[in-house]
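This report concerns only the one structure given below.
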Amino acid sequence: MEAGITFNCAEQAMMYGKAVLFHDREIAEKVLITVEPREQKQLGRLVKNFDDKIWKEKSKRIVYAAYKAKFTQNQELLKALIRAAGTTLVELAWPKKIRALENKRQEGFQGGLSRVKQGNVIRPATCAA
């Protein structure tokens with residue numbers, strides 16, 4: 001990530017990084033002024049000169065930097081991450097899904113990741129310190 005830029009969420013950082021990677025300054029600037037993650041993701045889909053092969057090669061670095069910043073700049077999130085050591089993290093975009101998973105966890109749910117819908121597993125490489 002570029003020094004001196006403050007992002008409002010990891011999605012903004014990732015979509016900004018994607019636009020910069022493909023030299024799309026127009027989309028990069030739009031991502032920076034957009035506050036909703038859903039809109040940021042939509043802008044990321046509009047990046048000019050996008051090449052899936054390059055994205056697959058380079059995206060880990062961008063995603064890693066975004067999540068590292070997210071968890072190291074917010075002490076409460078960092079504490080929660082440390083408490084979650086040894087577990088598989090799942091990022092969910094919808095509060096209803098988060099509440100449903102939390103309720104199932106409290107009920108002793110042992111269904112595993114195959115039962116989780118519409119979530120992104122945060123891979124160990126992304127969470128590495």
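Chain identifiers are assigned as A, B, and so on, following the order in which chains appear in the structure tokens; residues are numbered from 1 within each chain, and ligands are numbered from 1 in order of appearance.
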Within 10 Å of Lys18 (chain A), counting only C-alpha atoms, which residues show up once you throw out same-chain ones fewer than 5 positions away? Write them as a ChimeraX atom specification, please.
/A:12-13,23-24,27-28,44-45,47,50,55,58-59,62-63
Within 12 Å of Thr72 (chain A) using only C-alpha atoms, minus same-chain residues under 4 positions, as a ChimeraX atom specification
/A:64-68,76-82,127-129
Output file for the selection above: C-alpha atoms, as a JSON list (two decimals), in the first residue's frame:
[["chain", "number", "residue", "atom", "x", "y", "z"],
["A", 64, "TYR", "CA", -1.79, -9.29, 2.69],
["A", 65, "ALA", "CA", -0.91, -5.60, 3.03],
["A", 66, "ALA", "CA", -4.58, -4.63, 3.40],
["A", 67, "TYR", "CA", -5.28, -7.19, 6.13],
["A", 68, "LYS", "CA", -2.01, -6.54, 7.92],
["A", 76, "GLU", "CA", -9.27, -4.35, 19.33],
["A", 77, "LEU", "CA", -9.20, -6.23, 16.03],
["A", 78, "LEU", "CA", -5.63, -7.34, 16.71],
["A", 79, "LYS", "CA", -6.64, -8.70, 20.13],
["A", 80, "ALA", "CA", -9.57, -10.56, 18.54],
["A", 81, "LEU", "CA", -7.22, -12.02, 15.92],
["A", 82, "ILE", "CA", -4.79, -13.20, 18.56],
["A", 127, "CYS", "CA", -2.99, -13.61, 8.27],
["A", 128, "ALA", "CA", 0.72, -14.29, 8.70],
["A", 129, "ALA", "CA", 2.33, -11.70, 10.93]]
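The closest residue to Glu29 (chain A), picked from A:Lys60, A:Asp51, A:Ile5, A:Phe71 and counting only C-alpha atoms, is A:Ile5.
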As an exercise, work out the distance from CA of Asn49 (chain A) to CA of Gly17 (chain A) in Å and give it to one decimal place.
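CA of Asn49 (chain A) sits 13.8 Å away from CA of Gly17 (chain A).
The space separating CA of Thr6 (chain A) from CA of Leu32 (chain A) comes to 8.9 Å.
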Among the residues A:Ala10, A:Ala19, A:Ala69, A:Ala85, the one that comes closest to Glu36 (chain A) [using only C-alpha atoms]
A:Ala10
Best match for closeness to Ile54 (chain A) among A:Arg83, A:Gln75, A:Phe22, A:Lys70, counting only C-alpha atoms:
A:Phe22
Atom-to-atom span, CA of Asn8 (chain A) and CA of Glu26 (chain A), Å:
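A separation of 18.7 Å between them.
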Per-residue DSSP, region 5-84 of chain A, filtered to alpha helix (DSSP H), as a PyMOL selection string:
chain A and resi 10-21+25-33+37-44+52-72+75-83
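Of the residues listed (A:Arg25, A:Gln73, A:Lys53, A:Gln42), A:Gln73 shows the shortest atom-to-atom separation from Phe7 (chain A); distances use only C-alpha atoms.
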